[in-house]
>>> print(open('upload-v4.txt').read())   # compact mmCIF, C-alpha atoms
# COMPACT_ATOMS: atom_id res chain seq x y z
CA MET A 1 30.33 51.77 -4.00
CA ALA A 2 31.71 53.94 -6.82
CA ASP A 3 35.47 53.74 -7.49
CA ILE A 4 37.60 56.71 -6.39
CA ASP A 5 40.29 57.68 -8.95
CA ASN A 6 43.75 58.92 -8.08
CA LYS A 7 42.85 62.55 -8.75
CA ASP A 8 39.97 62.46 -6.29
CA GLN A 9 42.18 60.78 -3.73
CA ALA A 10 44.80 63.53 -4.11
CA GLU A 11 42.22 66.24 -3.46
CA MET A 12 40.76 64.49 -0.41
CA ASP A 13 41.77 65.35 3.12
CA PRO A 14 43.88 62.61 4.82
CA ALA A 15 41.22 62.27 7.51
CA ASP A 16 38.60 61.68 4.79
CA MET A 17 40.89 59.07 3.24
CA GLU A 18 40.98 57.22 6.55
CA ASP A 19 37.16 57.27 6.68
CA VAL A 20 36.96 55.84 3.15
CA GLU A 21 39.41 53.09 4.03
CA GLU A 22 37.39 52.23 7.14
CA VAL A 23 34.13 52.07 5.13
CA GLU A 24 35.78 49.88 2.50
CA GLU A 25 37.06 47.54 5.21
CA GLU A 26 33.60 47.38 6.82
CA GLU A 27 31.91 46.65 3.49
CA THR A 28 34.51 44.00 2.67
CA GLY A 29 33.87 42.40 6.06
CA GLU A 30 30.11 42.48 5.49
CA ASP A 31 30.50 40.86 2.05
CA GLU A 32 32.67 38.11 3.52
CA ASN A 33 30.18 37.51 6.33
CA SER A 34 27.31 37.43 3.84
CA LYS A 35 29.15 34.95 1.62
CA ALA A 36 29.97 32.82 4.65
CA ARG A 37 26.31 32.77 5.67
CA GLN A 38 25.25 31.85 2.14
CA LEU A 39 27.84 29.06 1.99
CA THR A 40 26.69 27.75 5.37
CA VAL A 41 23.06 27.66 4.23
CA GLN A 42 24.01 25.77 1.06
CA MET A 43 26.12 23.30 3.03
CA MET A 44 23.35 22.64 5.55
CA GLN A 45 21.00 21.83 2.67
CA ASN A 46 23.34 19.11 1.40
CA PRO A 47 22.30 15.73 2.89
CA GLN A 48 25.76 14.22 2.39
CA ILE A 49 27.43 17.01 4.34
CA LEU A 50 24.81 16.77 7.08
CA ALA A 51 25.29 13.01 7.33
CA ALA A 52 29.06 13.38 7.55
CA LEU A 53 28.67 16.10 10.19
CA GLN A 54 26.28 13.97 12.22
CA GLU A 55 28.67 11.00 12.03
CA ARG A 56 31.48 13.24 13.24
CA LEU A 57 29.36 14.57 16.11
CA ASP A 58 28.29 11.05 17.08
CA GLY A 59 31.92 10.06 17.15
CA LEU A 60 32.75 13.00 19.40
CA ASN A 61 29.87 12.25 21.76
CA GLY A 62 30.83 8.63 22.15
CA SER A 63 34.61 8.86 22.03
CA PRO A 64 36.31 7.38 25.11
CA SER A 65 38.72 9.59 27.02
CA GLY A 66 41.45 6.95 27.09
CA TYR A 67 41.46 6.98 30.86
CA MET A 68 40.35 3.35 31.05
CA GLU A 69 43.42 2.18 29.12
CA SER A 70 45.72 4.05 31.51
CA LEU A 71 44.35 2.30 34.60
CA PRO A 72 46.41 -0.34 36.45
CA LYS A 73 45.35 -3.97 36.02
CA VAL A 74 44.02 -4.19 39.56
CA VAL A 75 41.60 -1.28 38.88
CA LYS A 76 40.56 -2.73 35.50
CA ARG A 77 39.76 -5.96 37.33
CA ARG A 78 37.35 -4.07 39.60
CA VAL A 79 35.76 -2.34 36.59
CA ASN A 80 35.07 -5.81 35.17
CA ALA A 81 33.22 -6.60 38.39
CA LEU A 82 31.06 -3.48 37.83
CA LYS A 83 30.30 -4.61 34.27
CA ASN A 84 29.16 -7.99 35.58
CA LEU A 85 26.84 -6.16 37.97
CA GLN A 86 25.52 -4.17 35.01
CA VAL A 87 24.67 -7.40 33.16
CA LYS A 88 22.68 -8.54 36.19
CA CYS A 89 20.88 -5.18 36.16
CA ALA A 90 19.96 -5.75 32.51
CA HIS A 91 18.41 -9.14 33.39
CA ILE A 92 16.41 -7.57 36.23
CA GLU A 93 15.26 -4.85 33.81
CA ALA A 94 14.11 -7.58 31.42
CA LYS A 95 11.99 -9.09 34.22
CA PHE A 96 10.56 -5.63 34.90
CA TYR A 97 9.37 -5.32 31.28
CA GLU A 98 7.89 -8.82 31.42
CA GLU A 99 5.78 -7.74 34.40
CA VAL A 100 4.82 -4.55 32.55
CA HIS A 101 3.59 -6.77 29.72
CA GLU A 102 1.52 -8.73 32.23
CA LEU A 103 0.03 -5.46 33.50
CA GLU A 104 -0.77 -4.43 29.92
CA ARG A 105 -2.58 -7.71 29.45
CA LYS A 106 -4.51 -7.24 32.69
CA TYR A 107 -5.64 -3.70 31.91
CA ALA A 108 -6.39 -4.55 28.26
CA ALA A 109 -9.18 -6.76 29.63
CA LEU A 110 -10.55 -3.76 31.57
CA TYR A 111 -10.38 -1.45 28.56
CA GLN A 112 -11.96 -3.93 26.14
CA PRO A 113 -15.65 -3.49 27.18
CA LEU A 114 -15.26 0.26 26.53
CA PHE A 115 -13.61 -0.37 23.17
CA ASP A 116 -16.38 -2.85 22.30
CA LYS A 117 -19.00 -0.21 23.05
CA ARG A 118 -17.06 2.27 20.93
CA SER A 119 -17.16 -0.24 18.09
CA ASP A 120 -20.89 -0.78 18.52
CA ILE A 121 -21.53 2.97 18.26
CA VAL A 122 -19.29 3.33 15.20
CA LYS A 123 -20.98 0.49 13.29
CA ALA A 124 -24.52 1.46 14.48
CA ALA A 125 -25.05 -1.64 16.59
CA TYR A 126 -25.81 0.61 19.56
CA GLU A 127 -27.35 4.08 19.74
CA PRO A 128 -25.98 6.09 22.70
CA THR A 129 -28.45 7.74 25.07
CA ASP A 130 -28.86 11.50 25.42
CA GLU A 131 -26.97 11.34 28.70
CA GLU A 132 -24.07 9.49 27.06
CA CYS A 133 -23.94 12.10 24.29
CA GLU A 134 -23.68 15.10 26.60
CA TRP A 135 -20.26 16.74 26.41
CA LYS A 136 -19.15 19.89 28.18
CA ALA A 137 -17.06 21.97 25.83
CA ASP A 138 -14.11 23.88 27.22
CA GLU A 139 -13.95 27.70 27.04
CA GLU A 140 -12.12 27.72 23.71
CA GLU A 141 -14.66 25.39 22.14
CA GLU A 142 -17.53 27.48 23.54
CA LEU A 143 -16.08 30.65 22.02
CA THR A 144 -15.63 28.94 18.67
CA VAL A 145 -19.16 27.56 18.84
CA SER A 146 -20.65 30.97 19.65
CA LYS A 147 -18.93 32.53 16.64
CA GLN A 148 -20.20 29.83 14.37
CA ASP A 149 -23.75 29.75 15.76
CA GLU A 150 -25.11 32.23 13.25
CA MET A 151 -23.66 30.38 10.25
CA LYS A 152 -24.84 27.04 11.61
CA GLU A 153 -28.34 28.37 12.20
CA LYS A 154 -28.59 29.52 8.61
CA ALA A 155 -27.33 26.21 7.27
CA LYS A 156 -29.49 24.24 9.70
CA LEU A 157 -32.78 24.98 7.95
CA GLU A 158 -31.41 23.85 4.60
CA GLU A 159 -29.87 20.73 6.14
CA GLU A 160 -33.13 19.83 7.87
CA LYS A 161 -34.93 19.92 4.55
CA LYS A 162 -32.29 17.68 3.00
CA ASP A 163 -32.28 15.34 6.02
CA GLU A 164 -36.01 14.86 5.72
CA GLU A 165 -35.49 13.54 2.22
CA LYS A 166 -32.52 11.33 3.21
CA GLU A 167 -32.17 8.52 5.71
CA ASP A 168 -30.15 9.26 8.84
CA PRO A 169 -26.54 8.06 8.53
CA LYS A 170 -25.85 4.95 10.56
CA GLY A 171 -23.25 5.00 13.31
CA ILE A 172 -20.17 7.10 12.50
CA PRO A 173 -19.38 6.71 8.79
CA GLU A 174 -15.74 6.35 7.71
CA PHE A 175 -14.54 6.49 11.31
CA TRP A 176 -11.32 4.49 10.93
CA LEU A 177 -10.60 5.81 7.44
CA THR A 178 -10.71 9.34 8.85
CA VAL A 179 -8.38 8.32 11.69
CA PHE A 180 -5.89 6.95 9.16
CA LYS A 181 -6.10 10.05 6.97
CA ASN A 182 -5.55 12.34 9.97
CA VAL A 183 -2.30 10.64 11.02
CA ASP A 184 0.72 11.30 8.79
CA LEU A 185 2.38 8.00 9.63
CA LEU A 186 -0.68 6.11 8.36
CA SER A 187 -1.88 8.46 5.62
CA ASP A 188 1.49 8.05 3.88
CA MET A 189 0.59 4.39 3.38
CA LEU A 190 -2.85 5.08 1.94
CA GLN A 191 -3.52 5.12 -1.78
CA GLU A 192 -6.69 6.38 -3.42
CA HIS A 193 -7.73 2.82 -4.28
CA ASP A 194 -7.44 1.82 -0.58
CA GLU A 195 -10.04 4.28 0.65
CA PRO A 196 -13.20 2.52 -0.62
CA ILE A 197 -12.02 -0.64 1.19
CA LEU A 198 -11.15 1.09 4.47
CA LYS A 199 -14.65 2.57 4.57
CA HIS A 200 -15.69 -0.97 5.55
CA LEU A 201 -13.23 -1.15 8.48
CA GLN A 202 -15.33 -1.35 11.65
CA ASP A 203 -12.80 -1.89 14.42
CA ILE A 204 -9.14 -2.45 15.32
CA LYS A 205 -8.32 -4.55 18.36
CA VAL A 206 -5.09 -5.42 20.16
CA LYS A 207 -4.66 -8.95 21.50
CA PHE A 208 -1.77 -9.80 23.81
CA SER A 209 -0.11 -13.20 24.05
CA ASP A 210 -1.43 -15.57 26.71
CA PRO A 211 0.36 -15.91 30.07
CA GLY A 212 3.38 -18.16 29.83
CA GLN A 213 3.64 -17.69 26.05
CA PRO A 214 6.44 -15.75 24.31
CA MET A 215 5.80 -12.01 24.39
CA SER A 216 3.78 -10.81 21.39
CA PHE A 217 0.73 -8.82 20.34
CA THR A 218 -1.69 -9.07 17.43
CA LEU A 219 -3.53 -6.29 15.65
CA GLU A 220 -6.97 -7.38 14.45
CA PHE A 221 -8.65 -5.37 11.70
CA HIS A 222 -12.38 -6.17 11.60
CA PHE A 223 -14.28 -5.51 8.37
CA GLU A 224 -17.94 -5.66 7.46
CA ALA A 225 -18.96 -7.67 4.39
CA ASN A 226 -17.62 -6.00 1.25
CA ASP A 227 -16.98 -6.56 -2.45
CA PHE A 228 -13.19 -6.58 -2.16
CA PHE A 229 -12.33 -9.68 -0.10
CA THR A 230 -14.12 -12.40 1.84
CA ASN A 231 -12.14 -12.02 5.09
CA THR A 232 -14.02 -10.50 8.00
CA MET A 233 -10.75 -10.02 9.90
CA LEU A 234 -7.16 -9.30 8.85
CA THR A 235 -4.37 -9.82 11.38
CA LYS A 236 -0.78 -8.73 11.96
CA THR A 237 1.23 -10.37 14.75
CA TYR A 238 4.40 -8.90 16.25
CA LYS A 239 6.74 -11.15 18.21
CA MET A 240 8.90 -9.44 20.80
CA ARG A 241 11.91 -10.28 22.92
CA SER A 242 12.58 -8.91 26.38
CA GLU A 243 15.95 -10.32 27.34
CA PRO A 244 19.51 -9.06 26.93
CA ASP A 245 21.52 -10.37 24.00
CA GLU A 246 24.23 -12.69 25.32
CA ASN A 247 26.75 -11.23 22.87
CA ASP A 248 25.82 -7.59 23.61
CA PRO A 249 23.96 -7.38 26.96
CA PHE A 250 24.58 -3.64 27.39
CA SER A 251 22.51 -2.81 24.30
CA PHE A 252 19.31 -3.94 26.05
CA ASP A 253 16.80 -1.10 26.23
CA GLY A 254 13.48 -2.83 26.80
CA PRO A 255 11.39 -5.17 24.64
CA GLU A 256 12.12 -5.12 20.94
CA ILE A 257 10.07 -6.45 18.04
CA MET A 258 11.92 -9.36 16.46
CA CYS A 259 9.63 -10.23 13.57
CA CYS A 260 6.07 -9.95 12.35
CA THR A 261 3.67 -12.08 10.35
CA GLY A 262 0.67 -11.00 8.33
CA CYS A 263 -2.19 -12.98 6.87
CA THR A 264 -3.57 -14.10 3.53
CA ILE A 265 -6.18 -11.79 2.04
CA ASP A 266 -8.81 -13.66 0.03
CA TRP A 267 -9.34 -11.08 -2.68
CA THR A 268 -12.39 -11.09 -4.91
CA LYS A 269 -11.40 -11.62 -8.54
CA GLY A 270 -10.22 -8.37 -10.09
CA LYS A 271 -10.29 -6.48 -6.76
CA ASN A 272 -6.73 -7.07 -5.49
CA VAL A 273 -5.35 -3.54 -5.04
CA THR A 274 -1.87 -4.83 -4.11
CA LEU A 275 -1.29 -5.89 -7.72
CA LYS A 276 -1.62 -4.05 -11.00
CA THR A 277 -1.50 -5.12 -14.62
CA ILE A 278 0.86 -3.41 -17.03
CA LYS A 279 1.46 -3.90 -20.75
CA LYS A 280 4.96 -3.99 -22.22
CA LYS A 281 6.11 -4.11 -25.81
CA GLN A 282 8.83 -6.61 -26.64
CA LYS A 283 10.85 -6.65 -29.86
CA HIS A 284 12.12 -9.96 -31.25
CA LYS A 285 15.91 -9.83 -31.67
CA GLY A 286 15.99 -11.85 -34.89
CA ARG A 287 12.78 -11.13 -36.75
CA GLY A 288 12.25 -7.59 -35.44
CA THR A 289 8.57 -8.23 -34.76
CA VAL A 290 6.92 -6.51 -31.81
CA ARG A 291 4.52 -8.13 -29.37
CA THR A 292 2.61 -6.80 -26.37
CA VAL A 293 3.04 -8.69 -23.11
CA THR A 294 0.77 -8.29 -20.09
CA LYS A 295 2.46 -8.49 -16.70
CA THR A 296 1.17 -8.42 -13.13
CA VAL A 297 3.40 -6.41 -10.83
CA PRO A 298 3.19 -5.23 -7.18
CA ASN A 299 1.19 -2.07 -6.54
CA ASP A 300 1.49 0.47 -3.72
CA SER A 301 -1.26 -0.11 -1.17
CA PHE A 302 -1.95 0.01 2.55
CA PHE A 303 -2.83 -3.68 2.35
CA ASN A 304 0.81 -4.57 1.68
CA PHE A 305 1.01 -4.04 5.45
CA PHE A 306 -0.30 -7.60 5.80
CA THR A 307 2.53 -9.15 3.75
CA PRO A 308 5.76 -7.94 5.42
CA PRO A 309 9.19 -9.20 4.28
CA GLU A 310 10.09 -12.56 5.78
CA VAL A 311 13.07 -12.59 8.12
CA PRO A 312 15.45 -15.46 7.19
CA GLU A 313 16.71 -17.82 9.89
CA ASN A 314 20.13 -16.17 9.91
CA GLY A 315 18.39 -12.84 10.52
CA GLU A 316 20.21 -11.11 7.65
CA LEU A 317 18.18 -8.76 5.45
CA ASP A 318 19.02 -6.45 2.57
CA GLU A 319 18.81 -2.70 3.18
CA ASP A 320 15.40 -2.29 1.53
CA SER A 321 13.84 -5.08 3.59
CA GLU A 322 15.39 -3.69 6.77
CA ALA A 323 13.91 -0.26 6.03
CA VAL A 324 10.48 -1.75 5.33
CA LEU A 325 10.54 -3.78 8.55
CA ALA A 326 11.76 -0.84 10.64
CA ALA A 327 8.86 1.28 9.35
CA ASP A 328 6.49 -1.65 9.83
CA PHE A 329 7.51 -2.09 13.48
CA GLU A 330 7.07 1.63 14.11
CA ILE A 331 3.58 1.59 12.57
CA GLY A 332 2.52 -1.52 14.49
CA HIS A 333 3.74 -0.05 17.76
CA PHE A 334 2.01 3.28 17.05
CA ILE A 335 -1.32 1.61 16.27
CA ARG A 336 -1.10 -0.43 19.47
CA GLU A 337 0.08 2.39 21.77
CA ARG A 338 -1.73 5.42 20.37
CA ILE A 339 -4.37 4.75 17.72
CA VAL A 340 -6.42 2.00 19.37
CA PRO A 341 -6.55 3.57 22.88
CA ARG A 342 -7.29 7.12 21.61
CA ALA A 343 -9.08 6.55 18.30
CA VAL A 344 -11.81 9.16 18.81
CA LEU A 345 -9.22 11.88 19.49
CA TYR A 346 -7.42 11.08 16.24
CA PHE A 347 -10.80 11.08 14.48
CA THR A 348 -11.58 14.60 15.75
CA GLY A 349 -7.98 15.78 15.35
CA GLU A 350 -7.53 16.65 19.04
CA ALA A 351 -4.78 14.08 19.57
CA ILE A 352 -2.94 15.47 16.55
CA GLU A 353 -3.14 19.00 17.99
CA ASP A 354 -1.74 17.70 21.28
CA ASP A 355 1.15 16.08 19.42
CA ASP A 356 1.79 19.29 17.49
CA ASP A 357 1.86 21.38 20.67
CA ASP A 358 5.09 19.65 21.64
CA TYR A 359 6.80 21.15 18.59
CA ASP A 360 5.15 24.58 18.21
CA GLU A 361 7.78 26.62 20.00
CA GLU A 362 10.68 24.93 18.26
CA GLY A 363 8.92 25.23 14.93
CA GLU A 364 8.31 28.95 15.39
CA GLU A 365 11.97 29.50 16.20
CA ALA A 366 12.96 27.57 13.11
CA ASP A 367 10.58 29.65 11.00
CA ASP A 368 12.11 32.85 12.38
CA GLU A 369 15.59 31.64 11.57
CA GLU A 370 14.55 30.71 8.04
CA GLY A 371 12.99 34.15 7.63
CA GLU A 372 16.22 35.80 8.73
CA GLU A 373 18.23 33.68 6.32
CA GLU A 374 15.89 34.53 3.45
CA ALA A 375 16.15 38.24 4.28
CA ASP A 376 19.94 38.02 4.39
CA GLU A 377 19.98 36.30 1.02
CA GLU A 378 17.71 38.91 -0.55
CA ASN A 379 19.95 41.74 0.72
CA ASP A 380 23.12 40.00 -0.42
CA PRO A 381 24.25 41.48 -3.78
CA ASP A 382 26.13 38.25 -4.60
CA TYR A 383 23.11 36.02 -3.91
CA ASP A 384 21.97 33.98 -6.90
CA PRO A 385 18.57 32.27 -6.35
CA LYS A 386 19.38 29.68 -9.01
CA VAL A 387 22.26 28.29 -6.94
>>> encode(input="upload-v4.txt", output="structure tokens")
Amino acid sequence: MADIDNKDQAEMDPADMEDVEEVEEEETGEDENSKARQLTVQMMQNPQILAALQERLDGLNGSPSGYMESLPKVVKRRVNALKNLQVKCAHIEAKFYEEVHELERKYAALYQPLFDKRSDIVKAAYEPTDEECEWKADEEEELTVSKQDEMKEKAKLEEEKKDEEKEDPKGIPEFWLTVFKNVDLLSDMLQEHDEPILKHLQDIKVKFSDPGQPMSFTLEFHFEANDFFTNTMLTKTYKMRSEPDENDPFSFDGPEIMCCTGCTIDWTKGKNVTLKTIKKKQKHKGRGTVRTVTKTVPNDSFFNFFTPPEVPENGELDEDSEAVLAADFEIGHFIRERIVPRAVLYFTGEAIEDDDDDYDEEGEEADDEEGEEEADEENDPDYDPKV
């Protein structure tokens, strides 16, 4: 807004002066609101501020009212009786989860013949019949198919000519590799040098502990013969506990993974993707001569999954090891609960779409809010995109 000098002000009608003052106040208010919004956006992008805010909110959510301390001793005594009942509830809940584990074991035996047949189709040990290959597409799929029919028909003739020259592909090539690449949790672990190896992965199975044994499950990764290692199967075992901690019984919330053990991979010479060779130059302190030293160091790879950090007897781990194990437990649980039972849906991407549907609405709202913030920033005369 242009400045108004004293002369102009003198010539203006008092009513006009009031209007100018009101406009100035409104613009000042808008500027302050805009600056406040900009400051808020910057603050919410600062991880330290967010962490402090979350800690504060957690404290508010869990802060006791102080009522318990004000109670007479006779009432506190009765509350202690309720807490003892709660401990007994936790032990009953632990028994419940033990029986759930038994049910999982029972139904795993019923699922396994179907999973075995899936494996046979994937690795071309069994060719499904025409009847087994029939699949009724839903309305959406039919619409999509009808739109693509023309393009497919044109490409079909060319493909048929090429197919005549080539052998038919066996089974479903790169089935498990595609599953891994389609799932963010697993694709984050994959490196480019892992992919040629995972093309040889033929099946993943889940084996539960035997009746009467401590609760655990094992993931079995079955490979066809390959040039990378001699193992035909790699394993990862997760040991679980389903009983309340004596020192903190109220923290019990179902079975928890306590530790996991991998296996030794018998790598072919020069094929170990979990290690890499680097060259370093070292300068002699006295003579000043330089020499080149070759070192073998760890390398990022999916196959580090089979060598998790060891948990010491005292159970204490450094922060890095704790983070690795926490991620490891999440991955193991996800493979057991989601990937193995629904592998074909992760291969096609349908399971991923189902997972995304849970977040679409919230995501759209977030996008709208971001758009509004960006628009506000663009219209703000004080906004500096470099900040």
>>> residues_around(input="upload-v4.txt", residues="range 224-239 of chain A", least_positions_apart="3", cutoff="6 Å", atoms="all atoms listed in the file", output="VMD selection string")
chain A and resid 200 216 to 221 257 to 263 266 to 268 271
>>> closest_residue(input="upload-v4.txt", among="A:His333, A:Leu190, A:His91, A:Glu99", to="Pro211 in chain A", atoms="all atoms listed in the file")
A:Glu99
>>> residues_around(input="upload-v4.txt", residues="Lys95 in chain A", least_positions_apart="5", cutoff="9 Å", atoms="only C-alpha atoms", output="ChimeraX atom specification")
/A:90,100,242-243
>>> closest_residue(input="upload-v4.txt", among="A:Val273, A:Met240, A:Leu201, A:Val75", to="Tyr97 in chain A", atoms="only C-alpha atoms")
A:Met240
>>> closest_residue(input="upload-v4.txt", among="A:Leu275, A:Val297, A:Ile197, A:Met189", to="Val324 in chain A", atoms="all atoms listed in the file")
A:Met189
>>> atom_distance(input="upload-v4.txt", atom1="CA of Cys133 in chain A", atom2="CA of Gln112 in chain A")
20.1 Å
>>> closest_atom_pairs(input="upload-v4.txt", of="range 226-289 of chain A", to="range 83-86 of chain A", cutoff="12 Å", atoms="all atoms listed in the file", output="JSON lines")
{"residue": "A:Pro244", "atom": "CA", "partner": "A:Gln86", "partner_atom": "CA", "distance": 11.2}
{"residue": "A:Asp248", "atom": "CA", "partner": "A:Gln86", "partner_atom": "CA", "distance": 11.9}
{"residue": "A:Pro249", "atom": "CA", "partner": "A:Gln86", "partner_atom": "CA", "distance": 8.8}
{"residue": "A:Phe250", "atom": "CA", "partner": "A:Gln86", "partner_atom": "CA", "distance": 7.7}
{"residue": "A:Ser251", "atom": "CA", "partner": "A:Gln86", "partner_atom": "CA", "distance": 11.2}
{"residue": "A:Phe252", "atom": "CA", "partner": "A:Gln86", "partner_atom": "CA", "distance": 10.9}
>>> residues_near_point(input="upload-v4.txt", point="(-10.8, 8.6, 10.6)", cutoff="10 Å", atoms="only C-alpha atoms", output="PyMOL selection string")
chain A and resi 172-183+198-199+343-349
>>> closest_residue(input="upload-v4.txt", among="A:Ile335, A:Arg118, A:Thr294, A:Asp328", to="Pro309 in chain A", atoms="only C-alpha atoms")
A:Asp328
>>> closest_residue(input="upload-v4.txt", among="A:Val290, A:Ala124, A:Met215, A:Val206", to="Ala109 in chain A", atoms="all atoms listed in the file")
A:Val206
>>> atom_distance(input="upload-v4.txt", atom1="CA of Arg241 in chain A", atom2="CA of Gly254 in chain A")
8.5 Å
>>> atom_distance(input="upload-v4.txt", atom1="CA of Thr296 in chain A", atom2="CA of Thr277 in chain A")
4.5 Å
>>> axis_aligned_box(input="upload-v4.txt", around="range 186-195 of chain A", padding_each_side="6 Å", output="JSON")
{"center_x": -4.3, "center_y": 5.1, "center_z": 2.0, "size_x": 23.5, "size_y": 18.6, "size_z": 24.6}
>>> closest_residue(input="upload-v4.txt", among="A:Glu104, A:Phe303, A:Asp184, A:Ala81", to="Ile265 in chain A", atoms="all atoms listed in the file")
A:Phe303
>>> residues_around(input="upload-v4.txt", residues="Tyr126 in chain A", least_positions_apart="4", cutoff="8 Å", atoms="all atoms listed in the file", output="list in words")
Lys117, Asp120 and Ile121 of chain A
